[in-house]
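S.K.: Structure below; questions to follow.
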Amino acid sequence: MQFTLTEDQTLLQESALRLMREEGTLARRRERVASADGFDRRLWATYAELGWLALGLPEAHGGIAGPVEVAVVMEAMGRGLMVEPYLASVVLGGQAVAQGGSAAQQAELLPALAEGRLFLALASAEAGGRYNLAHVETTAQREGAGYRLDGSKAVVLHGASADQLVVAARTGGALRDTSGITLFLVPATAAGISRRAYATLDGQRAAEVTLAGVSVGADAVLGTVDGGLALLESVVDHGLTALSAEAVGIMAALNEATLAHIKTRKQFGRAIGEFQALQHRAVDMYVACELSRAMAYMAACKMGAPAPERAQAAAAAKVQVGRSGRLVGQEAVQLHGGMGMTDELIVGHYFKRLTMIDTLFGDTDHHLARYAQGMTG
Amino acid sequence: MDLDLSDAERAFQAELRAFVREHLPAATRRKVLGGLTLEKADYVGWQQILHRRGWFPFNWPTEHGGPGWDPIQRFLFEEEMEMGGAPRLAPFGIRMVGPVIMEFGTPEQKARHLPAIVGSDVWWCQGYSEPGAGSDLAALQTRAVRQGDHYVVTGQKTWTTFAHYADWMFCLVRTDPAAKKQEGISFLLIDMKSPGITVRPIIALEGSHEINDVFLDDVLVPVGNRIAEENQGWTCAKFLLGHERIGIARVAFSKQQLARLKSIALREQKDGAPLLADPRFRARIAEVEIELLALEHAVLRILSEEKAGRPAGAEASFLKMRGTEIQQALTELQMKAVGWYGLPFVPEAMHAGWNEEPIGPDYAAPLAAAYFLTRRATIYGGSNEIQRNIIAKAVLGL
Ligand SMILES: Cc1cc2nc3c(=O)[nH]c(=O)nc-3n(C[C@H](O)[C@H](O)[C@H](O)COP(=O)(O)OP(=O)(O)OC[C@H]3O[C@@H](n4cnc5c(N)ncnc54)[C@H](O)[C@@H]3O)c2cc1C
């Protein structure tokens with residue numbers, strides 16, 4: 001048993017935090033958010049050089065390390081409040097190919113992904129489906145040797161900058177059936193695909209994706225035909241774990257900023273941190289962050305476990321992080337007073353991202369219900 | 001005790017409801033109910049319509065041009081306004097500086113400023129907070145130095161809501177730096193067109209602009225613009241505070257938001273059924289509804305006491321606390337209700353007249369932004385920590 005980071009993981013963490021200290025300023029963030037793609041391709045190349053884009057991918061195709069290392073990097077990116085499509089492309093897209101791809105698909109895509117030459121995005125959610133991964137209305141009908149895809153996908157993270165989309169479509173069964181779902185790799189510029197790109201409130205990018213008679217070959221299938229839900233669940237669990245780690249980085253940064261503020265802000269002739277009412281609030285924020293960190297890394301360690309165990313761990317982490325993130329975000333703003341309400345301070349930006357992390361791939365209520373369903377006893 | 005309205009109150013309510021239905025401009029109603037951005041003209045236009053009916057300022061006595069309603073009538077009025085989709089009436093003139101002028105102003109000051117509020121000819125802003133004086137308001141440092149018939153005012157106010165709309169600002173300034181902090185403060189009315197005033201926008205975390213910094217650089221203010229005696233400004237400030245606690249609970253607003261939450265949850269789907277039917281989400285709504293019911297009845301008890309001539313003191317602080325916490329819970333649930341569609345951020349979609357196809361359901365666009373913005377409610381108007389301190393001290397004797 002080993003409940004703390006190894007030496008190598010610690011080195012990775014240190015180098016990640018170093019980069020984030022340089023790049024994670026609010027001024028840099030504003031430039032990235034305002035740019036055409038909504039992120040910095042130069043920084044993406046740096047990630048590639050550092051090997052971050054290969055994390056969690058199979059070694060046979062240029063990959064290295066696993067979910068704990070991904071969590072280490074995501075935690076640092078949380079702290080740096082990064083907007084690059086790491087979750088969308090490397091974690092969600094990368095895991096879909098790594099876990100579901102044929103040897104040929106992996107050989108074609110994974111080295112390019114790891115080298116920063118390829119962007120992927122996961123197009124799974126649909127309007128009206130809320131967080132149910134089996135709610136897939138998009139259809140994939142046999143057409144000659146291949147398939148024809150029709151439907152629309154909601155809030156595809158970094159969907160507009162992706163070169164290839166991982167699309168969940170129905171090859172059989174009825175809406176919300178657990179069988180009959182298949183994942184497809186679809187070139188984002190294929191005929192019949194339209195993407196409506198937009199910014200999100202947390203400074204990221206997403207797109208609504210419509211597929212109208214998009215033809216793909218049989219070799220576009222990722223994983224097994226009709227058996228795509230299990231793959232999708234695993235991919236999303238990796239995403240949830242990575243997001244949990246990102247949230248931990250944000251909480252730690254918010255706690256630091258809040259502590260620094262209440263130690264220096266003076267009202268009534270003393271630092272407001274001297275008021276016990278605020279001290280106890282700061283303590284609860286600290287505890288919330290510690291518990292979240294414990295859960296995020298626990299979940300990362302469980303990503304290779306059998307599906308039910310993996311799912312419980314990811315759901316539990318998301319619940320913990322959702323609750324903790326809500327507390328830390330709201331309190332950080334509150335304890336900053338008026339300053340916390342401004343665009344000028346990074347606190348509000350952290351708060352918005354932390355809030356949106358709760359929404360991504362299922363909020364606290366969703367994962368609480370999911371956990372309760374899988375709970376023994 | 002009797003929870004039912006009297007026949008007269010019921011008739012009054014019906015009259016209010018009919019008036020809002022008939023006279024509130026449709027464009028304004030659409031913005032309010034859709035959570036879209038309001039312009040100054042939306043507020044002022046509605047105030048003038050109410051004024052022509054004799055209902056603005058709704059909380060003023062007849063002697064100064066108000067309808068002279070009792071506290072229960074005022075409560076009913078606010079409820080009908082909110083439920084009918086009317087814009088919130090800006091508090092700065094009618095709830096804040098107006099009552100201060102009525103209480104402490106000279107006949108000349110009353111004659112000059114009160115009719116201008118009644119007719120919506122001026123927009124007021126509140127210049128209290130400063131960078132170094134938030135919760136500890138009495139630490140304010142904006143200096144006013146007497147020079148003949150004028151004060152020369154220099155300093156900085158901050159968080160000033162709608163200073164960019166304002167014609168006038170009521171302001172707390174330090175006139176005696178040597179006195180104990182509360183005893184060296186005066187209450188000044190400052191014309192925003194005076195030379196030396198600079199208003200700088202502060203953009204809020206979700207991107208909107210309502211608050212501002214106001215810089216005062218050797219601004220000349222006639223001594224005749226001082227309310228009450230020199231160094232008696234704190235008395236005015238405390239009077240105003242007492243006036244404000246109940247209104248800020250905004251029960252009617254929350255009722256309207258609760259109705260909106262339900263209508264959103266009815267249209268949102270979870271596993272093929274309305275989200276409103278999901279036991280967990282429904283229970284969450286029920287929790288807030290019960291909290292709001294408790295608040296409403298607590299408010300009504302206090303208003304009944306007030307009507308009987310026994311106005312509340314510091315205990316009314318809990319109405320502000322609970323009212324703002326409920327407002328936050330409601331905006332949070334509205335955002336949660338739309339799931340993924342809380343994420344898209346299309347600033348243009350917050351404005352009426354944007355006629356592209358919405359991303360996701362049309363009601364979703366402003367919800368997350370509203371959640372972020374509503375975090376301010378527990379900070380302003382005396383933060384909820386300060387309200388708790390007040391109750392601990394003044395009510396519980398701790
Ligand atoms: C959107 C918005 C609009 C506003 N509009 C106006 C306006 O129009 N005019 C105007 O004059 N002001 C306005 N304000 C200012 C508002 O009144 C102040 O923000 C408020 O008084 C808090 O002051 P502060 O921001 O300096 O926070 P601080 O006083 O620095 O407080 C920071 C934190 O410490 C807590 N704290 C402070 N003292 C104590 C204590 N003794 N015990 C426990 N906790 C404590 C506070 O509750 C808060 O959580 C507005 C503020 C906002 C956010």
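Naming scheme: A, B, ... for chains in displayed order of the structure tokens; residues 1 onward per chain; ligands 1 onward as shown.
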Compile the contact shell of range 132-141 of chain B as a PyMOL selection string: residues with an atom at most 7 Å away, counting only C-alpha atoms, same-chain residues fewer than 6 positions apart removed.

M.R.: (chain A and resi 267-268) or (chain B and resi 155+173-174+181-182+382)

S.K.: Take the selection from the previous step and output its residues with N, CA, C and O atoms, as a PDB file, in the first residue's frame.

M.R.:
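Below is the file that was written, selection.pdb:
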ATOM      1  N   GLN A 267     -10.671  45.175   9.152  1.00  0.00           N
ATOM      2  CA  GLN A 267     -11.911  45.895   9.436  1.00  0.00           C
ATOM      3  C   GLN A 267     -12.055  45.905  10.959  1.00  0.00           C
ATOM      4  O   GLN A 267     -11.601  44.983  11.631  1.00  0.00           O
ATOM      5  N   PHE A 268     -12.670  46.907  11.473  1.00  0.00           N
ATOM      6  CA  PHE A 268     -12.823  47.058  12.921  1.00  0.00           C
ATOM      7  C   PHE A 268     -11.466  46.994  13.630  1.00  0.00           C
ATOM      8  O   PHE A 268     -11.329  46.421  14.711  1.00  0.00           O
TER       9      PHE A 268
ATOM     10  N   GLY B 155     -11.766  61.793  -1.949  1.00  0.00           N
ATOM     11  CA  GLY B 155     -11.705  60.417  -1.472  1.00  0.00           C
ATOM     12  C   GLY B 155     -12.199  59.461  -2.530  1.00  0.00           C
ATOM     13  O   GLY B 155     -12.353  59.835  -3.693  1.00  0.00           O
ATOM     14  N   VAL B 173     -19.259  61.213   4.613  1.00  0.00           N
ATOM     15  CA  VAL B 173     -17.906  61.780   4.516  1.00  0.00           C
ATOM     16  C   VAL B 173     -17.389  62.121   5.914  1.00  0.00           C
ATOM     17  O   VAL B 173     -18.179  62.309   6.856  1.00  0.00           O
ATOM     18  N   ARG B 174     -16.074  62.195   6.027  1.00  0.00           N
ATOM     19  CA  ARG B 174     -15.499  62.531   7.331  1.00  0.00           C
ATOM     20  C   ARG B 174     -15.294  64.027   7.429  1.00  0.00           C
ATOM     21  O   ARG B 174     -14.602  64.626   6.606  1.00  0.00           O
ATOM     22  N   LYS B 181     -14.658  57.660  15.687  1.00  0.00           N
ATOM     23  CA  LYS B 181     -14.991  57.473  14.274  1.00  0.00           C
ATOM     24  C   LYS B 181     -16.438  57.765  13.909  1.00  0.00           C
ATOM     25  O   LYS B 181     -16.702  58.449  12.924  1.00  0.00           O
ATOM     26  N   GLN B 182     -17.409  57.309  14.707  1.00  0.00           N
ATOM     27  CA  GLN B 182     -18.811  57.534  14.343  1.00  0.00           C
ATOM     28  C   GLN B 182     -19.216  58.996  14.503  1.00  0.00           C
ATOM     29  O   GLN B 182     -20.209  59.422  13.937  1.00  0.00           O
ATOM     30  N   GLY B 382     -25.063  45.108   4.458  1.00  0.00           N
ATOM     31  CA  GLY B 382     -24.645  44.532   5.742  1.00  0.00           C
ATOM     32  C   GLY B 382     -24.532  43.034   5.535  1.00  0.00           C
ATOM     33  O   GLY B 382     -25.541  42.342   5.400  1.00  0.00           O
TER      34      GLY B 382
END

S.K.: Taking only C-alpha atoms into account, find every residue of chain A that has an atom no more than 6 Å from chain B, and write it out as a JSON list (two decimals) with all heavy atoms, in the first residue's frame.

M.R.:
[["chain", "number", "residue", "atom", "x", "y", "z"],
["A", 128, "GLY", "N", -32.02, 16.97, -23.37],
["A", 128, "GLY", "CA", -33.10, 16.16, -22.83],
["A", 128, "GLY", "C", -32.61, 14.90, -22.13],
["A", 128, "GLY", "O", -33.38, 14.21, -21.49],
["A", 199, "ALA", "N", -18.48, 29.95, -26.14],
["A", 199, "ALA", "CA", -17.72, 29.98, -24.89],
["A", 199, "ALA", "C", -18.61, 29.49, -23.76],
["A", 199, "ALA", "O", -19.84, 29.56, -23.85],
["A", 199, "ALA", "CB", -17.25, 31.40, -24.61],
["A", 200, "THR", "N", -18.00, 29.00, -22.71],
["A", 200, "THR", "CA", -18.77, 28.63, -21.53],
["A", 200, "THR", "C", -18.43, 29.58, -20.38],
["A", 200, "THR", "O", -17.42, 30.28, -20.44],
["A", 200, "THR", "CB", -18.49, 27.17, -21.12],
["A", 200, "THR", "OG1", -17.09, 27.03, -20.88],
["A", 200, "THR", "CG2", -18.92, 26.21, -22.20],
["A", 201, "LEU", "N", -19.28, 29.59, -19.37],
["A", 201, "LEU", "CA", -19.14, 30.59, -18.30],
["A", 201, "LEU", "C", -17.85, 30.44, -17.52],
["A", 201, "LEU", "O", -17.42, 31.36, -16.83],
["A", 201, "LEU", "CB", -20.33, 30.47, -17.34],
["A", 201, "LEU", "CG", -21.37, 31.57, -17.50],
["A", 201, "LEU", "CD1", -22.66, 31.16, -16.85],
["A", 201, "LEU", "CD2", -20.88, 32.88, -16.89],
["A", 267, "GLN", "N", -10.67, 45.18, 9.15],
["A", 267, "GLN", "CA", -11.91, 45.89, 9.44],
["A", 267, "GLN", "C", -12.06, 45.91, 10.96],
["A", 267, "GLN", "O", -11.60, 44.98, 11.63],
["A", 267, "GLN", "CB", -13.12, 45.19, 8.81],
["A", 267, "GLN", "CG", -13.16, 45.29, 7.28],
["A", 267, "GLN", "CD", -13.54, 46.68, 6.77],
["A", 267, "GLN", "OE1", -14.70, 47.04, 6.64],
["A", 267, "GLN", "NE2", -12.53, 47.48, 6.48],
["A", 268, "PHE", "N", -12.67, 46.91, 11.47],
["A", 268, "PHE", "CA", -12.82, 47.06, 12.92],
["A", 268, "PHE", "C", -11.47, 46.99, 13.63],
["A", 268, "PHE", "O", -11.33, 46.42, 14.71],
["A", 268, "PHE", "CB", -13.76, 45.97, 13.49],
["A", 268, "PHE", "CG", -15.10, 45.95, 12.82],
["A", 268, "PHE", "CD1", -15.39, 44.98, 11.87],
["A", 268, "PHE", "CD2", -16.07, 46.89, 13.13],
["A", 268, "PHE", "CE1", -16.62, 44.94, 11.23],
["A", 268, "PHE", "CE2", -17.32, 46.86, 12.49],
["A", 268, "PHE", "CZ", -17.59, 45.89, 11.54],
["A", 337, "GLY", "N", -15.69, 39.35, 0.50],
["A", 337, "GLY", "CA", -16.57, 40.52, 0.45],
["A", 337, "GLY", "C", -16.75, 40.98, -0.99],
["A", 337, "GLY", "O", -16.68, 40.17, -1.93],
["A", 341, "MET", "N", -16.70, 39.43, -5.73],
["A", 341, "MET", "CA", -17.74, 39.52, -6.77],
["A", 341, "MET", "C", -17.21, 40.10, -8.08],
["A", 341, "MET", "O", -17.97, 40.31, -9.01],
["A", 341, "MET", "CB", -18.89, 40.41, -6.27],
["A", 341, "MET", "CG", -19.81, 39.78, -5.25],
["A", 341, "MET", "SD", -20.60, 38.25, -5.84],
["A", 341, "MET", "CE", -21.48, 38.84, -7.30],
["A", 342, "THR", "N", -15.92, 40.39, -8.15],
["A", 342, "THR", "CA", -15.42, 41.10, -9.33],
["A", 342, "THR", "C", -14.71, 40.17, -10.31],
["A", 342, "THR", "O", -14.18, 39.12, -9.95],
["A", 342, "THR", "CB", -14.41, 42.20, -8.93],
["A", 342, "THR", "OG1", -13.27, 41.58, -8.33],
["A", 342, "THR", "CG2", -15.03, 43.16, -7.94],
["A", 343, "ASP", "N", -14.69, 40.62, -11.54],
["A", 343, "ASP", "CA", -13.97, 39.95, -12.62],
["A", 343, "ASP", "C", -12.46, 40.20, -12.49],
["A", 343, "ASP", "O", -11.65, 39.48, -13.06],
["A", 343, "ASP", "CB", -14.49, 40.51, -13.96],
["A", 343, "ASP", "CG", -13.69, 40.03, -15.14],
["A", 343, "ASP", "OD1", -13.79, 38.84, -15.46],
["A", 343, "ASP", "OD2", -12.95, 40.85, -15.74],
["A", 348, "GLY", "N", -13.20, 34.88, -8.41],
["A", 348, "GLY", "CA", -14.47, 34.66, -9.11],
["A", 348, "GLY", "C", -14.31, 33.68, -10.26],
["A", 348, "GLY", "O", -15.21, 32.89, -10.56]]

S.K.: Report as CSV the residues of chain A within 12 Å of ligand 1, each with its shortest atom pair and distance in Å (one decimal), using only C-alpha atoms and all ligand atoms, ordered by chain and increasing residue number.

M.R.:
residue,atom,partner,partner_atom_place_in_ligand_line,distance
A:Thr258,CA,ligand 1,33 (C),9.9
A:Leu259,CA,ligand 1,33 (C),11.4
A:His261,CA,ligand 1,32 (C),8.7
A:Ile262,CA,ligand 1,34 (O),7.3
A:Lys263,CA,ligand 1,34 (O),10.6
A:Thr264,CA,ligand 1,30 (O),9.9
A:Arg265,CA,ligand 1,30 (O),6.2
A:Lys266,CA,ligand 1,30 (O),7.0
A:Gln267,CA,ligand 1,38 (N),6.0
A:Phe268,CA,ligand 1,41 (N),6.8
A:Gly269,CA,ligand 1,41 (N),9.9
A:Arg270,CA,ligand 1,41 (N),9.2
A:Ala271,CA,ligand 1,38 (N),8.9
A:Ile272,CA,ligand 1,38 (N),5.8
A:Gly273,CA,ligand 1,34 (O),8.0
A:Glu274,CA,ligand 1,42 (N),8.7
A:Phe275,CA,ligand 1,42 (N),5.4
A:Gln276,CA,ligand 1,43 (C),7.5
A:Ala277,CA,ligand 1,43 (C),5.5
A:Leu278,CA,ligand 1,44 (N),5.8
A:Gln279,CA,ligand 1,43 (C),9.2
A:His280,CA,ligand 1,43 (C),10.5
A:Arg281,CA,ligand 1,44 (N),9.9
A:Ala282,CA,ligand 1,49 (O),11.2
A:Gln330,CA,ligand 1,49 (O),10.5
A:Glu331,CA,ligand 1,49 (O),8.1
A:Ala332,CA,ligand 1,49 (O),8.7
A:Val333,CA,ligand 1,49 (O),7.9
A:Gln334,CA,ligand 1,49 (O),4.7
A:Leu335,CA,ligand 1,49 (O),3.7
A:His336,CA,ligand 1,32 (C),4.9
A:Gly337,CA,ligand 1,27 (O),3.7
A:Gly338,CA,ligand 1,25 (O),3.5
A:Met339,CA,ligand 1,25 (O),6.1
A:Gly340,CA,ligand 1,53 (C),7.9
A:Met341,CA,ligand 1,53 (C),5.9
A:Thr342,CA,ligand 1,53 (C),8.3
A:Asp343,CA,ligand 1,53 (C),12.0

S.K.: Only N, CA, C and O atoms, please: the residues just picked out, written as a compact mmCIF listing (two decimals), in the first residue's frame.

M.R.:
# COMPACT_ATOMS: atom_id res chain seq x y z
N THR A 258 -7.96 32.90 0.00
CA THR A 258 -8.87 33.36 1.05
C THR A 258 -8.13 33.57 2.37
O THR A 258 -8.34 34.56 3.07
N LEU A 259 -7.25 32.63 2.68
CA LEU A 259 -6.47 32.78 3.91
C LEU A 259 -5.61 34.04 3.85
O LEU A 259 -5.57 34.81 4.82
N HIS A 261 -6.18 36.62 2.19
CA HIS A 261 -7.04 37.79 2.29
C HIS A 261 -7.47 38.06 3.73
O HIS A 261 -7.37 39.19 4.22
N ILE A 262 -7.94 37.04 4.41
CA ILE A 262 -8.47 37.32 5.76
C ILE A 262 -7.36 37.60 6.78
O ILE A 262 -7.62 38.17 7.83
N LYS A 263 -6.14 37.21 6.41
CA LYS A 263 -5.03 37.57 7.31
C LYS A 263 -4.61 39.02 7.13
O LYS A 263 -4.00 39.60 8.03
N THR A 264 -4.90 39.59 5.97
CA THR A 264 -4.41 40.95 5.72
C THR A 264 -5.52 42.00 5.70
O THR A 264 -5.27 43.16 6.02
N ARG A 265 -6.73 41.61 5.33
CA ARG A 265 -7.82 42.58 5.26
C ARG A 265 -8.21 43.02 6.67
O ARG A 265 -8.58 42.20 7.50
N LYS A 266 -8.14 44.31 6.88
CA LYS A 266 -8.48 44.82 8.21
C LYS A 266 -9.83 45.52 8.20
O LYS A 266 -10.12 46.33 7.34
N GLN A 267 -10.67 45.18 9.15
CA GLN A 267 -11.91 45.89 9.44
C GLN A 267 -12.06 45.91 10.96
O GLN A 267 -11.60 44.98 11.63
N PHE A 268 -12.67 46.91 11.47
CA PHE A 268 -12.82 47.06 12.92
C PHE A 268 -11.47 46.99 13.63
O PHE A 268 -11.33 46.42 14.71
N GLY A 269 -10.43 47.53 12.95
CA GLY A 269 -9.13 47.65 13.60
C GLY A 269 -8.32 46.37 13.68
O GLY A 269 -7.28 46.35 14.35
N ARG A 270 -8.78 45.30 13.05
CA ARG A 270 -7.94 44.10 13.04
C ARG A 270 -8.21 43.25 11.81
O ARG A 270 -9.19 43.46 11.11
N ALA A 271 -7.30 42.31 11.61
CA ALA A 271 -7.47 41.41 10.47
C ALA A 271 -8.77 40.63 10.67
O ALA A 271 -9.03 40.13 11.77
N ILE A 272 -9.57 40.53 9.60
CA ILE A 272 -10.87 39.84 9.76
C ILE A 272 -10.67 38.37 10.10
O ILE A 272 -11.54 37.74 10.68
N GLY A 273 -9.49 37.83 9.79
CA GLY A 273 -9.17 36.45 10.16
C GLY A 273 -9.07 36.25 11.67
O GLY A 273 -8.99 35.12 12.14
N GLU A 274 -9.08 37.33 12.41
CA GLU A 274 -9.08 37.19 13.87
C GLU A 274 -10.47 36.91 14.42
O GLU A 274 -10.62 36.52 15.58
N PHE A 275 -11.49 37.15 13.59
CA PHE A 275 -12.85 36.85 14.06
C PHE A 275 -13.08 35.35 14.01
O PHE A 275 -12.89 34.71 12.97
N GLN A 276 -13.49 34.81 15.15
CA GLN A 276 -13.61 33.35 15.23
C GLN A 276 -14.67 32.81 14.25
O GLN A 276 -14.53 31.71 13.73
N ALA A 277 -15.69 33.63 14.01
CA ALA A 277 -16.72 33.20 13.06
C ALA A 277 -16.08 32.87 11.71
O ALA A 277 -16.47 31.92 11.05
N LEU A 278 -15.08 33.65 11.32
CA LEU A 278 -14.42 33.42 10.03
C LEU A 278 -13.38 32.32 10.13
O LEU A 278 -13.15 31.57 9.18
N GLN A 279 -12.74 32.21 11.27
CA GLN A 279 -11.74 31.14 11.44
C GLN A 279 -12.39 29.78 11.24
O GLN A 279 -11.84 28.92 10.56
N HIS A 280 -13.55 29.59 11.82
CA HIS A 280 -14.21 28.29 11.69
C HIS A 280 -14.60 28.02 10.23
O HIS A 280 -14.54 26.88 9.77
N ARG A 281 -14.97 29.06 9.55
CA ARG A 281 -15.33 28.88 8.13
C ARG A 281 -14.10 28.46 7.34
O ARG A 281 -14.16 27.59 6.47
N ALA A 282 -12.96 29.11 7.64
CA ALA A 282 -11.73 28.76 6.93
C ALA A 282 -11.33 27.31 7.24
O ALA A 282 -10.82 26.60 6.37
N GLN A 330 -18.25 29.06 -2.65
CA GLN A 330 -19.16 30.07 -2.09
C GLN A 330 -18.50 30.83 -0.95
O GLN A 330 -18.62 32.05 -0.84
N GLU A 331 -17.79 30.10 -0.10
CA GLU A 331 -17.17 30.76 1.05
C GLU A 331 -16.02 31.66 0.63
O GLU A 331 -15.80 32.72 1.21
N ALA A 332 -15.28 31.23 -0.37
CA ALA A 332 -14.16 32.06 -0.84
C ALA A 332 -14.69 33.42 -1.30
O ALA A 332 -14.13 34.46 -0.95
N VAL A 333 -15.78 33.40 -2.06
CA VAL A 333 -16.36 34.66 -2.52
C VAL A 333 -16.87 35.46 -1.31
O VAL A 333 -16.58 36.65 -1.15
N GLN A 334 -17.59 34.79 -0.44
CA GLN A 334 -18.18 35.48 0.71
C GLN A 334 -17.10 36.15 1.57
O GLN A 334 -17.23 37.30 1.98
N LEU A 335 -16.04 35.41 1.85
CA LEU A 335 -15.03 35.95 2.77
C LEU A 335 -14.18 37.04 2.11
O LEU A 335 -13.53 37.82 2.79
N HIS A 336 -14.22 37.10 0.79
CA HIS A 336 -13.56 38.21 0.11
C HIS A 336 -14.43 39.46 0.09
O HIS A 336 -13.96 40.52 -0.34
N GLY A 337 -15.69 39.35 0.50
CA GLY A 337 -16.57 40.52 0.45
C GLY A 337 -16.75 40.98 -0.99
O GLY A 337 -16.68 40.17 -1.93
N GLY A 338 -16.95 42.27 -1.19
CA GLY A 338 -17.19 42.82 -2.53
C GLY A 338 -16.13 42.38 -3.54
O GLY A 338 -16.44 42.09 -4.70
N MET A 339 -14.88 42.31 -3.10
CA MET A 339 -13.79 41.91 -4.00
C MET A 339 -14.07 40.56 -4.68
O MET A 339 -13.68 40.34 -5.83
N GLY A 340 -14.70 39.67 -3.94
CA GLY A 340 -14.96 38.34 -4.46
C GLY A 340 -15.96 38.35 -5.61
O GLY A 340 -16.06 37.37 -6.36
N MET A 341 -16.70 39.43 -5.73
CA MET A 341 -17.74 39.52 -6.77
C MET A 341 -17.21 40.10 -8.08
O MET A 341 -17.97 40.31 -9.01
N THR A 342 -15.92 40.39 -8.15
CA THR A 342 -15.42 41.10 -9.33
C THR A 342 -14.71 40.17 -10.31
O THR A 342 -14.18 39.12 -9.95
N ASP A 343 -14.69 40.62 -11.54
CA ASP A 343 -13.97 39.95 -12.62
C ASP A 343 -12.46 40.20 -12.49
O ASP A 343 -11.65 39.48 -13.06

S.K.: Name the closest residue to Phe184 in chain A among the candidates A:Asp237, A:Glu115, A:Glu49, A:Asp226; distances are taken between atoms, counting only C-alpha atoms.

M.R.: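 Result for the nearest residue to Phe184 in chain A: A:Asp226.
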
S.K.: Just the strand (DSSP E or B) stuff from range 80-203 of chain B, please, per backbone DSSP, written as an MDAnalysis selection string.

M.R.: chainID B and resid 124:127 130 133 143:147 150:157 168:174 185:191 197:203

S.K.: As a ChimeraX atom specification, which residues of range 20-97 of chain A does DSSP assign to helix (DSSP H, G or I)?

M.R.: /A:20-23,26-34,41-50,52-54,59-61,67-80,86-97

S.K.: Skipping near chain neighbours, those fewer than 4 positions away, what residues fall within 9 Å of Phe162 in chain B using only C-alpha atoms, listed as a PyMOL selection string?

M.R.: chain B and resi 123-126+166+209-212

S.K.: Please produce an output containing N, CA and C atoms for each residue in the selection, written as a PDB file, in the first residue's frame.

M.R.:
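Contents of selection-v4.pdb, freshly written:
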ATOM      1  N   TRP B 123     -31.962  60.068 -10.519  1.00  0.00           N
ATOM      2  CA  TRP B 123     -31.560  58.723 -10.082  1.00  0.00           C
ATOM      3  C   TRP B 123     -30.496  58.904  -9.012  1.00  0.00           C
ATOM      4  N   TRP B 124     -30.687  58.248  -7.894  1.00  0.00           N
ATOM      5  CA  TRP B 124     -29.743  58.365  -6.781  1.00  0.00           C
ATOM      6  C   TRP B 124     -28.829  57.145  -6.697  1.00  0.00           C
ATOM      7  N   CYS B 125     -27.627  57.377  -6.158  1.00  0.00           N
ATOM      8  CA  CYS B 125     -26.786  56.233  -5.785  1.00  0.00           C
ATOM      9  C   CYS B 125     -26.264  56.450  -4.367  1.00  0.00           C
ATOM     10  N   GLN B 126     -25.789  55.340  -3.799  1.00  0.00           N
ATOM     11  CA  GLN B 126     -25.404  55.332  -2.390  1.00  0.00           C
ATOM     12  C   GLN B 126     -23.891  55.298  -2.239  1.00  0.00           C
ATOM     13  N   ALA B 166     -26.502  57.547 -12.169  1.00  0.00           N
ATOM     14  CA  ALA B 166     -26.978  58.465 -11.127  1.00  0.00           C
ATOM     15  C   ALA B 166     -26.781  59.934 -11.458  1.00  0.00           C
ATOM     16  N   HIS B 209     -22.194  44.856 -15.661  1.00  0.00           N
ATOM     17  CA  HIS B 209     -21.745  46.114 -15.067  1.00  0.00           C
ATOM     18  C   HIS B 209     -22.891  46.799 -14.328  1.00  0.00           C
ATOM     19  N   GLU B 210     -22.859  46.756 -13.027  1.00  0.00           N
ATOM     20  CA  GLU B 210     -23.793  47.539 -12.211  1.00  0.00           C
ATOM     21  C   GLU B 210     -23.044  48.385 -11.192  1.00  0.00           C
ATOM     22  N   ILE B 211     -21.916  47.879 -10.737  1.00  0.00           N
ATOM     23  CA  ILE B 211     -21.199  48.574  -9.667  1.00  0.00           C
ATOM     24  C   ILE B 211     -20.027  49.374 -10.229  1.00  0.00           C
ATOM     25  N   ASN B 212     -19.561  50.336  -9.419  1.00  0.00           N
ATOM     26  CA  ASN B 212     -18.546  51.284  -9.881  1.00  0.00           C
ATOM     27  C   ASN B 212     -17.668  51.750  -8.728  1.00  0.00           C
TER      28      ASN B 212
END

S.K.: Would you list the contacts of Val145 in chain B as a PyMOL selection string, taking every protein, DNA or RNA residue within 10 Å and counting only C-alpha atoms, but skipping same-chain residues closer than 5 positions in sequence?

M.R.: chain B and resi 150-154+173-176+218+220-221

S.K.: Hey, what's within 12 Å of Glu23 in chain A if we count only C-alpha atoms and toss same-chain stuff fewer than 3 positions away? As JSON, numbers by chain, please?

M.R.: {"A": [16, 17, 18, 19, 20, 26, 27, 28, 29, 30, 31, 32, 40, 42, 43, 44, 46, 47, 76, 77, 79, 80, 81, 82, 83, 84]}

S.K.: Expressed in Å to a single decimal, how great is the separation between CA of Arg195 in chain A and CA of Thr210 in chain A?

M.R.: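 About the pair CA of Arg195 in chain A and CA of Thr210 in chain A: they are 6.4 Å apart.
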
S.K.: Rank A:Pro187, A:Pro67, A:Gly249, A:Pro58 by their smallest atom-to-atom distance to Val97 in chain A, using only C-alpha atoms, and report the top residue only.

M.R.: A:Pro58
